[in-house]
Every structure is written in C-alpha cells, then in structure tokens.
file start35.txt (compact mmCIF, C-alpha atoms)
# COMPACT_ATOMS: atom_id res chain seq x y z
CA MET A 250 -115.68 -9.66 49.30
CA ALA A 251 -116.16 -13.38 49.49
CA ARG A 252 -113.35 -15.37 47.95
CA ARG A 253 -114.58 -18.33 45.99
CA GLU A 254 -112.08 -21.11 45.66
CA ASN A 255 -112.02 -23.47 42.67
CA PRO A 256 -115.47 -22.68 41.42
CA GLU A 257 -116.87 -25.27 39.05
CA ILE A 258 -117.01 -24.20 35.41
CA ASN A 259 -120.57 -24.03 34.31
CA ALA A 260 -120.88 -26.50 31.47
CA GLY A 261 -124.59 -26.34 31.15
CA SER A 262 -124.43 -24.21 28.04
CA MET A 263 -121.84 -26.40 26.35
CA ALA A 264 -124.50 -28.29 24.48
CA ASP A 265 -125.95 -25.04 23.23
CA ILE A 266 -122.56 -24.00 21.90
CA ALA A 267 -122.15 -27.35 20.21
CA PHE A 268 -125.53 -27.09 18.56
CA LEU A 269 -124.85 -23.56 17.53
CA LEU A 270 -121.68 -24.72 15.80
CA LEU A 271 -123.49 -27.63 14.23
CA ILE A 272 -126.16 -25.38 12.82
CA PHE A 273 -123.58 -22.85 11.68
CA PHE A 274 -121.72 -25.46 9.66
CA LEU A 275 -124.91 -26.98 8.38
CA VAL A 276 -125.89 -23.66 6.96
CA THR A 277 -122.55 -22.55 5.60
CA THR A 278 -121.20 -25.75 4.10
CA THR A 279 -121.86 -25.89 0.43
CA MET A 280 -121.69 -29.26 -1.10
CA ASN A 281 -119.56 -29.02 -4.19
CA VAL A 282 -122.12 -27.80 -6.62
CA ASP A 283 -121.59 -28.63 -10.22
CA SER A 284 -121.38 -25.62 -12.41
CA GLY A 285 -120.85 -25.26 -16.09
CA VAL A 286 -121.55 -23.46 -19.30
CA SER A 287 -125.06 -24.51 -20.16
CA LYS A 288 -126.18 -24.90 -23.67
CA LYS A 289 -129.31 -26.00 -25.42
CA LEU A 290 -128.74 -28.12 -28.48
CA SER A 291 -130.87 -27.63 -31.51
CA GLU A 292 -133.18 -30.44 -32.41
CA LYS A 293 -132.18 -32.90 -35.04
CA PRO A 294 -133.34 -31.46 -38.35
CA PRO A 295 -135.56 -33.68 -40.50
CA ALA A 296 -133.90 -35.36 -43.46
CA ASP A 297 -135.45 -33.01 -46.01
CA TYR A 298 -134.64 -29.86 -44.07
CA VAL A 299 -133.41 -26.99 -46.18
CA PRO A 300 -131.55 -24.43 -44.10
CA PRO A 301 -132.87 -20.91 -44.59
CA VAL A 302 -130.77 -18.49 -46.53
CA ILE A 303 -129.12 -16.06 -44.18
CA LYS A 304 -127.43 -12.91 -45.31
CA GLU A 305 -123.68 -13.04 -44.95
CA LYS A 306 -123.64 -9.84 -42.94
CA ASN A 307 -125.86 -11.36 -40.25
CA ILE A 308 -123.38 -14.13 -39.54
CA PHE A 309 -120.42 -13.61 -37.28
CA GLU A 310 -117.96 -16.32 -38.11
CA VAL A 311 -115.54 -17.55 -35.52
CA SER A 312 -113.18 -20.34 -36.55
CA ILE A 313 -110.73 -22.06 -34.29
CA ASN A 314 -107.99 -24.10 -35.91
CA ARG A 315 -106.14 -27.07 -34.49
CA ASN A 316 -103.43 -24.84 -33.09
CA ASN A 317 -106.08 -23.07 -31.03
CA GLU A 318 -105.83 -19.90 -33.07
CA LEU A 319 -108.85 -17.78 -33.79
CA LEU A 320 -110.09 -16.45 -37.08
CA VAL A 321 -112.89 -13.96 -36.60
CA GLU A 322 -114.67 -12.65 -39.70
CA GLY A 323 -111.62 -13.47 -41.80
CA GLU A 324 -109.13 -11.87 -39.49
CA ARG A 325 -106.82 -13.37 -36.94
CA MET A 326 -107.72 -12.31 -33.47
CA ASP A 327 -106.64 -12.85 -29.91
CA ILE A 328 -109.21 -14.44 -27.64
CA LYS A 329 -109.25 -11.34 -25.46
CA GLY A 330 -110.60 -9.20 -28.27
CA LEU A 331 -113.42 -11.58 -29.10
CA LYS A 332 -115.88 -10.18 -26.60
CA GLU A 333 -115.59 -6.65 -27.95
CA ALA A 334 -115.84 -7.83 -31.54
CA ALA A 335 -118.95 -9.85 -30.72
CA ILE A 336 -120.54 -6.90 -28.92
CA ALA A 337 -119.88 -4.65 -31.91
CA PHE A 338 -121.46 -7.22 -34.20
CA ILE A 339 -124.57 -8.00 -32.12
CA ASP A 340 -125.24 -4.42 -31.19
CA ASN A 341 -124.77 -3.03 -34.68
CA GLY A 342 -128.45 -2.64 -35.49
CA GLY A 343 -127.99 -1.66 -39.11
CA GLY A 344 -131.40 -2.63 -40.42
CA GLU A 345 -134.79 -4.13 -39.72
CA GLY A 346 -135.35 -6.91 -37.21
CA LYS A 347 -136.92 -10.20 -38.13
CA VAL A 348 -140.61 -10.68 -38.74
CA GLU A 349 -142.18 -13.32 -36.54
CA ASN A 350 -145.86 -14.26 -36.53
CA ASP A 351 -146.44 -11.23 -38.75
CA ILE A 352 -145.09 -8.90 -36.11
CA ALA A 353 -142.15 -6.96 -37.39
CA THR A 354 -139.61 -6.00 -34.75
CA GLY A 355 -138.51 -3.07 -36.85
CA LYS A 356 -135.35 -1.16 -36.21
CA CYS A 357 -133.32 -1.81 -33.12
CA ASP A 358 -133.98 1.26 -31.00
CA TYR A 359 -131.84 0.15 -28.05
CA CYS A 360 -128.74 -0.69 -30.04
CA ARG A 361 -125.80 1.60 -29.72
CA GLY A 362 -123.63 0.10 -32.42
CA GLU A 363 -122.28 1.75 -35.53
CA LYS A 364 -125.38 1.00 -37.61
CA SER A 365 -123.03 -0.15 -40.32
CA GLU A 366 -124.45 -1.57 -43.53
CA SER A 367 -121.98 -4.42 -43.57
CA SER A 368 -122.72 -5.78 -40.09
CA SER A 369 -125.78 -7.33 -38.46
CA ASP A 370 -129.28 -5.93 -38.98
CA HIS A 371 -130.72 -6.54 -35.55
CA PRO A 372 -129.69 -8.53 -32.44
CA ASN A 373 -132.46 -11.04 -33.16
CA LYS A 374 -131.03 -11.69 -36.59
CA ALA A 375 -127.39 -11.76 -35.56
CA ILE A 376 -126.07 -15.30 -35.64
CA ILE A 377 -122.74 -16.28 -34.22
CA SER A 378 -121.31 -19.35 -35.84
CA VAL A 379 -118.46 -21.16 -34.17
CA GLN A 380 -116.50 -23.48 -36.35
CA SER A 381 -113.84 -25.56 -34.72
CA ASP A 382 -111.47 -28.22 -35.82
CA ARG A 383 -111.81 -31.73 -34.48
CA LEU A 384 -108.40 -31.36 -32.92
CA THR A 385 -109.05 -28.03 -31.29
CA GLU A 386 -108.44 -28.13 -27.58
CA TYR A 387 -111.62 -28.25 -25.54
CA GLY A 388 -110.31 -25.57 -23.16
CA THR A 389 -110.04 -23.08 -26.02
CA TYR A 390 -113.48 -24.00 -27.28
CA ILE A 391 -115.00 -23.30 -23.89
CA ALA A 392 -113.05 -20.06 -23.59
CA VAL A 393 -114.53 -18.93 -26.91
CA GLN A 394 -118.06 -19.89 -25.85
CA ASP A 395 -117.50 -18.06 -22.60
CA GLN A 396 -116.34 -14.89 -24.36
CA LEU A 397 -119.40 -14.94 -26.61
CA LEU A 398 -121.76 -15.47 -23.70
CA ARG A 399 -120.08 -12.64 -21.87
CA ALA A 400 -120.74 -10.36 -24.82
CA TYR A 401 -124.45 -11.14 -24.49
CA THR A 402 -124.34 -10.60 -20.75
CA VAL A 403 -122.75 -7.19 -21.18
CA LEU A 404 -125.44 -6.12 -23.63
CA ARG A 405 -128.28 -7.54 -21.57
CA ASN A 406 -126.98 -5.90 -18.44
CA ARG A 407 -126.73 -2.58 -20.21
CA LEU A 408 -130.24 -2.72 -21.60
CA SER A 409 -131.65 -3.83 -18.29
CA MET A 410 -129.78 -1.07 -16.48
CA ASP A 411 -131.25 1.52 -18.84
CA LYS A 412 -134.76 0.22 -18.65
CA TYR A 413 -135.20 -1.07 -15.13
CA LYS A 414 -132.22 0.42 -13.25
CA ILE A 415 -131.08 -3.06 -12.27
CA SER A 416 -128.62 -5.34 -14.01
CA TYR A 417 -129.91 -8.37 -15.86
CA THR A 418 -127.95 -10.72 -13.65
CA GLU A 419 -129.70 -9.37 -10.56
CA LEU A 420 -133.02 -9.32 -12.35
CA GLU A 421 -132.64 -12.97 -13.24
CA ASP A 422 -131.66 -13.87 -9.69
CA ALA A 423 -134.68 -12.02 -8.36
CA TYR A 424 -136.89 -13.90 -10.76
CA LYS A 425 -135.37 -17.22 -9.76
CA ASP A 426 -136.19 -16.48 -6.13
CA ASN A 427 -139.72 -15.49 -6.97
CA LYS A 428 -140.92 -17.46 -9.95
CA SER A 429 -144.54 -16.42 -9.59
CA ASN A 430 -143.82 -12.73 -10.05
CA GLN A 431 -145.36 -11.92 -13.44
CA ASP A 432 -143.79 -8.49 -13.60
CA LEU A 433 -140.28 -9.87 -13.17
CA LYS A 434 -141.02 -12.62 -15.64
CA LYS A 435 -142.05 -10.09 -18.25
CA LYS A 436 -138.91 -8.07 -17.72
CA VAL A 437 -136.64 -11.11 -17.97
CA GLU A 438 -138.43 -12.27 -21.09
CA PHE A 439 -138.14 -8.85 -22.65
CA ILE A 440 -134.40 -8.62 -22.12
CA LYS A 441 -133.96 -12.18 -23.31
CA THR A 442 -135.80 -11.58 -26.55
CA SER A 443 -134.10 -8.24 -27.08
CA TYR A 444 -130.71 -9.91 -27.14
CA PRO A 445 -131.37 -13.57 -27.88
CA GLN A 446 -128.35 -15.82 -27.67
CA ILE A 447 -127.95 -17.30 -31.11
CA ILE A 448 -124.70 -19.21 -31.09
CA SER A 449 -124.54 -22.09 -33.48
CA ASP A 450 -121.90 -24.76 -33.71
CA ALA A 451 -120.90 -25.54 -37.24
CA GLU A 452 -119.78 -29.01 -38.22
CA PRO A 453 -116.10 -29.24 -37.26
CA THR A 454 -113.42 -29.49 -39.90
CA ASN A 455 -111.14 -32.47 -39.93
CA MET B 10 -121.17 -12.82 53.01
CA SER B 11 -120.13 -15.93 54.81
CA LYS B 12 -123.25 -17.60 53.45
CA PHE B 13 -121.55 -18.12 50.10
CA ARG B 14 -118.50 -19.86 51.39
CA LYS B 15 -117.85 -23.13 49.64
CA LYS B 16 -117.88 -26.21 51.68
CA LYS B 17 -115.71 -28.35 49.42
CA LYS B 18 -112.18 -27.55 48.52
CA GLY B 19 -109.93 -29.51 46.10
CA MET B 20 -110.18 -29.83 42.33
CA PRO B 21 -113.62 -30.37 40.83
CA ALA B 22 -113.84 -32.86 37.97
CA VAL B 23 -114.17 -31.45 34.45
CA ASN B 24 -117.71 -31.77 33.38
CA THR B 25 -117.92 -34.10 30.42
CA ALA B 26 -121.63 -33.95 29.95
CA ALA B 27 -121.25 -32.01 26.73
CA LEU B 28 -118.85 -34.44 25.18
CA PRO B 29 -121.58 -36.43 23.43
CA ASP B 30 -122.84 -33.22 21.92
CA ILE B 31 -119.47 -32.45 20.44
CA VAL B 32 -119.13 -35.94 19.08
CA PHE B 33 -122.57 -35.78 17.56
CA MET B 34 -121.76 -32.45 16.06
CA LEU B 35 -118.70 -33.86 14.34
CA LEU B 36 -120.68 -36.82 13.18
CA PHE B 37 -123.38 -34.67 11.65
CA PHE B 38 -120.81 -32.38 10.11
CA PHE B 39 -119.10 -35.17 8.27
CA MET B 40 -122.37 -36.78 7.31
CA VAL B 41 -123.47 -33.60 5.66
CA THR B 42 -120.27 -32.64 3.89
CA THR B 43 -119.32 -36.03 2.50
CA THR B 44 -120.37 -36.34 -1.08
CA MET B 45 -120.84 -39.86 -2.16
CA ARG B 46 -119.31 -40.55 -5.50
CA GLU B 47 -121.54 -43.09 -7.09
CA THR B 48 -119.22 -43.81 -9.99
CA SER B 49 -115.56 -44.53 -9.58
CA LEU B 50 -113.50 -42.66 -12.09
CA GLN B 51 -111.76 -44.74 -14.69
CA ILE B 52 -110.11 -41.67 -16.10
CA ASP B 53 -107.84 -39.17 -14.44
CA THR B 54 -109.88 -36.50 -12.70
CA PRO B 55 -110.60 -34.06 -15.51
CA ARG B 56 -108.93 -30.70 -15.21
CA LEU B 57 -111.97 -28.62 -15.97
CA PRO B 58 -111.70 -25.57 -18.17
CA SER B 59 -112.59 -22.29 -16.56
CA ALA B 60 -115.21 -19.85 -17.68
CA GLN B 61 -116.99 -16.84 -16.29
CA GLU B 62 -120.49 -17.42 -17.56
CA VAL B 63 -121.15 -20.51 -15.52
CA LYS B 64 -124.50 -21.58 -14.22
CA LYS B 65 -125.07 -23.84 -11.31
CA LEU B 66 -126.62 -27.17 -12.04
CA GLU B 67 -129.79 -27.61 -10.12
CA HIS B 68 -131.65 -30.81 -9.32
CA LYS B 69 -128.80 -33.23 -8.92
CA SER B 70 -131.02 -36.22 -9.49
CA LEU B 71 -131.74 -35.01 -13.02
CA VAL B 72 -128.13 -34.64 -14.03
CA THR B 73 -126.34 -37.34 -15.98
CA THR B 74 -122.62 -37.02 -16.17
CA ILE B 75 -120.35 -38.03 -18.99
CA TYR B 76 -116.64 -37.91 -18.31
CA VAL B 77 -114.02 -37.33 -20.95
CA GLY B 78 -110.31 -37.48 -20.28
CA LYS B 79 -107.25 -39.66 -20.10
CA ALA B 80 -107.83 -43.25 -19.06
CA LYS B 81 -106.06 -44.39 -15.92
CA ASP B 82 -105.43 -47.76 -17.47
CA THR B 83 -102.78 -47.35 -20.16
CA LYS B 84 -104.27 -50.08 -22.28
CA TYR B 85 -106.70 -47.44 -23.52
CA GLY B 86 -103.82 -45.28 -24.69
CA THR B 87 -102.70 -41.95 -23.35
CA SER B 88 -104.89 -39.58 -25.33
CA PHE B 89 -107.29 -37.33 -23.49
CA ASN B 90 -110.26 -38.48 -25.53
CA ARG B 91 -111.56 -41.46 -23.60
CA ILE B 92 -115.22 -41.33 -22.66
CA GLN B 93 -116.44 -42.80 -19.43
CA LEU B 94 -120.08 -43.78 -18.97
CA ASN B 95 -121.09 -45.25 -15.63
CA ASP B 96 -118.14 -47.30 -14.48
CA LYS B 97 -116.40 -48.10 -17.69
CA ILE B 98 -114.61 -46.61 -20.63
CA ALA B 99 -116.93 -46.50 -23.61
CA THR B 100 -117.28 -45.07 -27.06
CA ALA B 101 -119.58 -42.33 -28.29
CA ASP B 102 -121.87 -44.99 -29.79
CA GLU B 103 -122.86 -46.13 -26.33
CA VAL B 104 -124.06 -42.69 -25.28
CA PRO B 105 -127.69 -43.10 -26.45
CA ALA B 106 -128.12 -46.32 -24.47
CA PHE B 107 -126.60 -44.63 -21.44
CA ILE B 108 -129.00 -41.69 -21.69
CA ILE B 109 -132.03 -43.91 -22.18
CA ASN B 110 -130.99 -45.92 -19.17
CA ALA B 111 -130.67 -42.73 -17.11
CA ARG B 112 -134.10 -41.61 -18.28
CA SER B 113 -135.74 -44.78 -17.09
CA LYS B 114 -134.76 -43.85 -13.54
CA VAL B 115 -136.74 -40.63 -13.38
CA SER B 116 -140.43 -40.04 -13.76
CA GLU B 117 -141.72 -39.20 -17.18
CA GLU B 118 -142.67 -35.60 -16.53
CA GLU B 119 -139.16 -34.85 -15.36
CA VAL B 120 -137.44 -36.13 -18.49
CA PRO B 121 -137.50 -32.76 -20.32
CA PHE B 122 -135.63 -31.20 -17.42
CA MET B 123 -132.80 -33.68 -17.50
CA THR B 124 -129.40 -32.19 -18.11
CA THR B 125 -126.31 -33.92 -19.35
CA SER B 126 -123.17 -32.61 -17.77
CA ILE B 127 -120.03 -33.14 -19.79
CA LYS B 128 -117.02 -33.19 -17.54
CA ALA B 129 -114.17 -33.06 -19.96
CA ASP B 130 -110.51 -32.40 -19.51
CA LYS B 131 -109.44 -29.12 -21.01
CA GLU B 132 -106.91 -30.91 -23.17
CA CYS B 133 -109.36 -33.23 -24.85
CA SER B 134 -110.25 -32.43 -28.42
CA VAL B 135 -113.44 -30.83 -29.64
CA GLY B 136 -114.00 -33.75 -32.03
CA THR B 137 -114.76 -36.09 -29.15
CA ILE B 138 -117.17 -33.61 -27.63
CA VAL B 139 -118.87 -33.13 -30.98
CA ASP B 140 -119.30 -36.91 -31.35
CA VAL B 141 -120.93 -37.07 -27.93
CA ARG B 142 -123.07 -34.07 -28.74
CA LEU B 143 -124.36 -35.57 -31.96
CA LYS B 144 -125.32 -38.74 -30.12
CA LEU B 145 -127.08 -36.71 -27.47
CA ARG B 146 -129.02 -34.90 -30.12
CA ASP B 147 -130.06 -38.23 -31.63
CA VAL B 148 -131.78 -39.21 -28.40
CA ASN B 149 -133.16 -35.72 -27.82
CA ALA B 150 -131.09 -34.99 -24.74
CA LEU B 151 -130.81 -31.35 -25.65
CA LYS B 152 -129.92 -29.72 -22.38
CA ILE B 153 -126.24 -29.97 -21.80
CA SER B 154 -123.77 -28.28 -19.56
CA TYR B 155 -120.06 -28.14 -20.17
CA SER B 156 -118.70 -28.47 -16.70
CA ALA B 157 -116.33 -25.63 -15.95
CA GLY B 158 -114.86 -23.99 -12.93
CA ALA B 159 -115.73 -20.39 -12.28
CA SER B 160 -112.96 -17.95 -13.02
CA ILE B 161 -112.58 -14.34 -12.15
CA ASP B 162 -111.10 -12.53 -15.09

call {"tool": "encode", "arguments": {"input": "start35.txt", "output": "structure tokens"}}
result
Amino acid sequence: MARRENPEINAGSMADIAFLLLIFFLVTTTMNVDSGVSKKLSEKPPADYVPPVIKEKNIFEVSINRNNELLVEGERMDIKGLKEAAIAFIDNGGGEGKVENDIATGKCDYCRGEKSESSSDHPNKAIISVQSDRLTEYGTYIAVQDQLLRAYTVLRNRLSMDKYKISYTELEDAYKDNKSNQDLKKKVEFIKTSYPQIISDAEPTN
Amino acid sequence: MSKFRKKKKGMPAVNTAALPDIVFMLLFFFMVTTTMRETSLQIDTPRLPSAQEVKKLEHKSLVTTIYVGKAKDTKYGTSFNRIQLNDKIATADEVPAFIINARSKVSEEEVPFMTTSIKADKECSVGTIVDVRLKLRDVNALKISYSAGASID
C-alpha cells in the first residue's frame, strides 16, 4: 500500500455544496405570509331598501356583550359549545329550501339534523346573525367568527366526504392548483352552494 | 506503487476558492428572507387574535393594510383603538381616502381583487372595527381579511 502524506482536500465541489444550500434555503424559506379570516362585506343597501322578512326560526342569533360573554338563541353559552350549536342549527333541514330563479331546492336530503320544526328549514336559508357590543373585545369577536366558520367547514367536509370521498379542504386545494379543471370546479361549487356561509353582522349595540 | 508517491511534503494551504460562493450564498439568503416593511408602525405591534379558519392572503401587491392598536406615542392616549393608515395615526373618516389612494396604484382590472387586511390588536374593541368596516363598505372595498395567526385547537 502506498502511503499518501498530507493529501490536499479536494475543494472543487465546495461551490456545488454552497449552491445546493442556497437553493435549499431559497425553496424552503417562506416569507411571512399574511393570513387571516377572510370575509366579504355586503354591498351598501340603497336608501329605500326594505329588508326581506325572515322567519325567526331561520335566524341563529349570537350576541356578544361587553364582558365578552355569549348569548346564543337566548341562552348563555361558552364559546366552545358554539360550533356544535351552529352545526345543529345549519344542518337541521326542517323544511323546504329557498326558491331561486324559479328553481326550488326542496328538502335538504343531505342534512342529518333533527329536522325540528323550530330550527332552520334548509342550510341555504339558515342565517347566522352576530350581534356584538361596541366594547366587545376584538379577540372574542374573531373567536366567534372562527367557531362559526369551523361549523361550516365540518359540514362541508362531511358532505364532500360522502359524495366524493375527499374532504372539502383537499378538494378546494386541488381546485386552487388546477383552476381550469371543470369537474373540480363543479364539485367545489356544489359543496359551496349546499352549505353557503351566511353570517351577517348586525349593527353593534352601544 | 511508487508512481503515486507525492513529491511535496509539508502542509498544503487550505483552498479558499469556495469562499466567495459561501459569501454569495449568505448574501442571497438574506436578500430573499428580508421583508421590507414599507410603513413604520406608529402603534405597538398588534397582538393578533388566533383562529383556525385562516386563509392565506395572496397577491401581496393587492393588499392594503389597516392597523389598529395602541399608539406608541402617549399623546394619542393608551386605548387600543387607534387606527394607523400609511405612516400616521388617523381616524375612521380617513379610511375612504386611503383606500382610493391605494386603488390608484393598481390597474383598473385588478381593483375588484383588492383585499383590505385589518391587523388589529386582540384587545381593541369591535366598535372601532365596525367603524372601519362601514367606511370600507362606503367605498366598495368589500373584500376584507381580519389578520389572525393560525392556531391549532
């Protein structure tokens, strides 16, 4: 065996390693992306706008007072129970759905609620109204919005799972990656219209 | 075997040819990760509320940010309800002008996709947010996002 003494370290590939690292970090570093609860405001109603009459049973009232306490449908409730209560309300399916462009949606055949007479008729008629006080803490307000949105997500995921064997969240992601896919678009639209998010913000109390 | 015997003995110098590469790498790394803050905050960095149903904001150039929180300068009081637009503390009445100004910076077909991000401290009151929201509705800036950190149950 030949004994090599003080062989020079081969540094030729050093640049490659450096570039590899550079590319690795380039790919993995996420710039702090802004995220938030998105919401679409309703348009400003015209001055002579008369709000439609909505049956009491189709409105799910959530009030938050200035001590950040919740009143849901006339009962005090902890914020943790709000999601379940909202699910029960949206998914009740006690009557006929709304009629739009002369197409009646009929009974809710995918609802699994109690079909109670005193709760909502159909998910597309179920309105959640959030009334807060001007002095309510913003953190609580967002927590309430979050709980309500989660209720919708649970229901959408369930329906999507039943129909397409894939959760709505994944379905939506797949659609986002491939916007031109008409099939996916149809599916997303269907789930969206089956459980439309109708959360309205009532004028706050003083 | 004797063919491979080294002629030189003694310590070879460390090869520094790759040093520029490393330096460039660091340079690029910091160039990429540094986010430029175009507005200096006049309020304390808002402690964002947390929520699970958060969506990422896409198209940074189409996002206008309104900050709400406690002013750094105590002459504005110590409540958490100060609104910051651009570089200064403002009132809700100045929101429409701010939005219209932001709109003028993007092309017309992109205006409907503009989002207003409200970065508010979790201790601020809903009244302030509602005031801002009403003003946003007046100028038809209907897409809003309440900035929140993602939380895992």

call {"tool": "interface_residues", "arguments": {"input": "start35.txt", "of": "chain A", "to": "chain B", "cutoff": "6 Å", "atoms": "only C-alpha atoms", "output": "list of chain:residue names"}}
result
A:Met263, A:Ala264, A:Ala267, A:Leu271, A:Asp283, A:Ser284, A:Gly285, A:Val286, A:Ser287, A:Lys288, A:Lys289, A:Leu290, A:Arg383, A:Leu384, A:Thr385, A:Glu386, A:Tyr387, A:Gly388, A:Asp395

call {"tool": "residues_around", "arguments": {"input": "start35.txt", "residues": "A:Ile415", "least_positions_apart": "6", "cutoff": "12 Å", "atoms": "only C-alpha atoms", "output": "list in words"}}
result
Arg405, Asn406, Arg407, Leu408, Ser409, Glu421, Asp422, Ala423, Leu433, Lys436, Val437 and Ile440 of chain A

call {"tool": "atom_distance", "arguments": {"input": "start35.txt", "atom1": "atom CA of A:Glu366", "atom2": "atom CA of A:Ile313"}}
result
26.3 Å

call {"tool": "residues_around", "arguments": {"input": "start35.txt", "residues": "B:Arg91", "least_positions_apart": "5", "cutoff": "7 Å", "atoms": "all atoms listed in the file", "output": "MDAnalysis selection string"}}
result
chainID B and resid 77:80 98

call {"tool": "atom_distance", "arguments": {"input": "start35.txt", "atom1": "atom CA of A:Ser312", "atom2": "atom CA of A:Gln380"}}
result
4.6 Å

call {"tool": "closest_residue", "arguments": {"input": "start35.txt", "among": "B:Ser116, B:Asn110, B:Gln51, B:Thr100", "to": "B:Asp82", "atoms": "only C-alpha atoms"}}
result
B:Gln51

call {"tool": "atom_distance", "arguments": {"input": "start35.txt", "atom1": "atom CA of A:Ser443", "atom2": "atom CA of A:Lys332"}}
result
18.3 Å

call {"tool": "residues_around", "arguments": {"input": "start35.txt", "residues": "A:Ile336", "least_positions_apart": "2", "cutoff": "8 Å", "atoms": "only C-alpha atoms", "output": "ChimeraX atom specification"}}
result
/A:332-334,338-340,400-401,404

call {"tool": "residues_around", "arguments": {"input": "start35.txt", "residues": "B:Ser49", "least_positions_apart": "6", "cutoff": "10 Å", "atoms": "all atoms listed in the file", "output": "PDB file with C-alpha atoms, in the frame of the given file"}}
result
ATOM      1  CA  ASN B  95    -121.090 -45.250 -15.630  1.00  0.00           C
ATOM      2  CA  ASP B  96    -118.140 -47.300 -14.480  1.00  0.00           C
ATOM      3  CA  LYS B  97    -116.400 -48.100 -17.690  1.00  0.00           C
TER       4      LYS B  97
END

call {"tool": "residues_around", "arguments": {"input": "start35.txt", "residues": "A:Glu363", "least_positions_apart": "4", "cutoff": "8 Å", "atoms": "all atoms listed in the file", "output": "PyMOL selection string"}}
result
chain A and resi 337+341-343

call {"tool": "closest_residue", "arguments": {"input": "start35.txt", "among": "A:Ile448, A:Ala392, A:Val276, A:Val299", "to": "A:Leu331", "atoms": "all atoms listed in the file"}}
result
A:Ala392

call {"tool": "decode", "arguments": {"input": "start35.txt", "residues": "stretch 72-90 of chain B", "atoms": "N, CA, C and O atoms", "output": "PDB file, in the first residue's frame"}}
result
ATOM      1  N   VAL B  72     -52.942  43.958  -1.564  1.00  0.00           N
ATOM      2  CA  VAL B  72     -53.411  44.001  -0.182  1.00  0.00           C
ATOM      3  C   VAL B  72     -53.106  45.362   0.431  1.00  0.00           C
ATOM      4  O   VAL B  72     -51.993  45.858   0.337  1.00  0.00           O
ATOM      5  N   THR B  73     -54.109  45.971   0.990  1.00  0.00           N
ATOM      6  CA  THR B  73     -53.923  47.229   1.728  1.00  0.00           C
ATOM      7  C   THR B  73     -54.098  46.908   3.197  1.00  0.00           C
ATOM      8  O   THR B  73     -55.036  46.209   3.556  1.00  0.00           O
ATOM      9  N   THR B  74     -53.211  47.419   3.994  1.00  0.00           N
ATOM     10  CA  THR B  74     -53.287  47.054   5.404  1.00  0.00           C
ATOM     11  C   THR B  74     -53.683  48.249   6.267  1.00  0.00           C
ATOM     12  O   THR B  74     -53.175  49.349   6.096  1.00  0.00           O
ATOM     13  N   ILE B  75     -54.598  47.979   7.162  1.00  0.00           N
ATOM     14  CA  ILE B  75     -55.002  48.977   8.144  1.00  0.00           C
ATOM     15  C   ILE B  75     -54.628  48.415   9.512  1.00  0.00           C
ATOM     16  O   ILE B  75     -54.975  47.273   9.828  1.00  0.00           O
ATOM     17  N   TYR B  76     -53.894  49.187  10.275  1.00  0.00           N
ATOM     18  CA  TYR B  76     -53.505  48.712  11.596  1.00  0.00           C
ATOM     19  C   TYR B  76     -54.389  49.345  12.662  1.00  0.00           C
ATOM     20  O   TYR B  76     -54.749  50.516  12.571  1.00  0.00           O
ATOM     21  N   VAL B  77     -54.715  48.555  13.655  1.00  0.00           N
ATOM     22  CA  VAL B  77     -55.463  49.079  14.795  1.00  0.00           C
ATOM     23  C   VAL B  77     -54.776  48.586  16.054  1.00  0.00           C
ATOM     24  O   VAL B  77     -54.453  47.398  16.166  1.00  0.00           O
ATOM     25  N   GLY B  78     -54.539  49.481  16.974  1.00  0.00           N
ATOM     26  CA  GLY B  78     -53.888  49.075  18.221  1.00  0.00           C
ATOM     27  C   GLY B  78     -53.555  50.273  19.079  1.00  0.00           C
ATOM     28  O   GLY B  78     -54.089  51.369  18.884  1.00  0.00           O
ATOM     29  N   LYS B  79     -52.649  50.058  19.996  1.00  0.00           N
ATOM     30  CA  LYS B  79     -52.297  51.129  20.934  1.00  0.00           C
ATOM     31  C   LYS B  79     -51.181  51.976  20.338  1.00  0.00           C
ATOM     32  O   LYS B  79     -50.177  51.441  19.874  1.00  0.00           O
ATOM     33  N   ALA B  80     -51.365  53.288  20.358  1.00  0.00           N
ATOM     34  CA  ALA B  80     -50.358  54.178  19.782  1.00  0.00           C
ATOM     35  C   ALA B  80     -49.099  54.166  20.638  1.00  0.00           C
ATOM     36  O   ALA B  80     -49.152  54.086  21.862  1.00  0.00           O
ATOM     37  N   LYS B  81     -47.953  54.225  19.947  1.00  0.00           N
ATOM     38  CA  LYS B  81     -46.685  54.267  20.679  1.00  0.00           C
ATOM     39  C   LYS B  81     -46.557  55.586  21.419  1.00  0.00           C
ATOM     40  O   LYS B  81     -46.063  55.654  22.525  1.00  0.00           O
ATOM     41  N   ASP B  82     -46.994  56.643  20.725  1.00  0.00           N
ATOM     42  CA  ASP B  82     -46.908  57.966  21.309  1.00  0.00           C
ATOM     43  C   ASP B  82     -48.077  58.156  22.277  1.00  0.00           C
ATOM     44  O   ASP B  82     -49.240  58.049  21.888  1.00  0.00           O
ATOM     45  N   THR B  83     -47.777  58.452  23.526  1.00  0.00           N
ATOM     46  CA  THR B  83     -48.855  58.503  24.522  1.00  0.00           C
ATOM     47  C   THR B  83     -49.769  59.705  24.351  1.00  0.00           C
ATOM     48  O   THR B  83     -50.803  59.776  25.007  1.00  0.00           O
ATOM     49  N   LYS B  84     -49.411  60.615  23.469  1.00  0.00           N
ATOM     50  CA  LYS B  84     -50.320  61.754  23.292  1.00  0.00           C
ATOM     51  C   LYS B  84     -51.637  61.323  22.647  1.00  0.00           C
ATOM     52  O   LYS B  84     -52.625  62.047  22.680  1.00  0.00           O
ATOM     53  N   TYR B  85     -51.629  60.136  22.051  1.00  0.00           N
ATOM     54  CA  TYR B  85     -52.873  59.614  21.473  1.00  0.00           C
ATOM     55  C   TYR B  85     -53.651  58.781  22.489  1.00  0.00           C
ATOM     56  O   TYR B  85     -54.598  58.114  22.147  1.00  0.00           O
ATOM     57  N   GLY B  86     -53.222  58.793  23.734  1.00  0.00           N
ATOM     58  CA  GLY B  86     -53.917  58.004  24.749  1.00  0.00           C
ATOM     59  C   GLY B  86     -53.419  56.578  24.767  1.00  0.00           C
ATOM     60  O   GLY B  86     -52.555  56.184  23.970  1.00  0.00           O
ATOM     61  N   THR B  87     -53.952  55.813  25.693  1.00  0.00           N
ATOM     62  CA  THR B  87     -53.445  54.445  25.848  1.00  0.00           C
ATOM     63  C   THR B  87     -54.463  53.400  25.441  1.00  0.00           C
ATOM     64  O   THR B  87     -54.287  52.223  25.710  1.00  0.00           O
ATOM     65  N   SER B  88     -55.555  53.824  24.791  1.00  0.00           N
ATOM     66  CA  SER B  88     -56.533  52.807  24.405  1.00  0.00           C
ATOM     67  C   SER B  88     -56.022  52.038  23.192  1.00  0.00           C
ATOM     68  O   SER B  88     -55.122  52.492  22.477  1.00  0.00           O
ATOM     69  N   PHE B  89     -56.599  50.892  22.973  1.00  0.00           N
ATOM     70  CA  PHE B  89     -56.145  50.031  21.885  1.00  0.00           C
ATOM     71  C   PHE B  89     -56.876  50.333  20.584  1.00  0.00           C
ATOM     72  O   PHE B  89     -56.885  49.521  19.686  1.00  0.00           O
ATOM     73  N   ASN B  90     -57.504  51.487  20.500  1.00  0.00           N
ATOM     74  CA  ASN B  90     -58.386  51.732  19.363  1.00  0.00           C
ATOM     75  C   ASN B  90     -57.857  52.756  18.378  1.00  0.00           C
ATOM     76  O   ASN B  90     -58.619  53.410  17.686  1.00  0.00           O
TER      77      ASN B  90
END
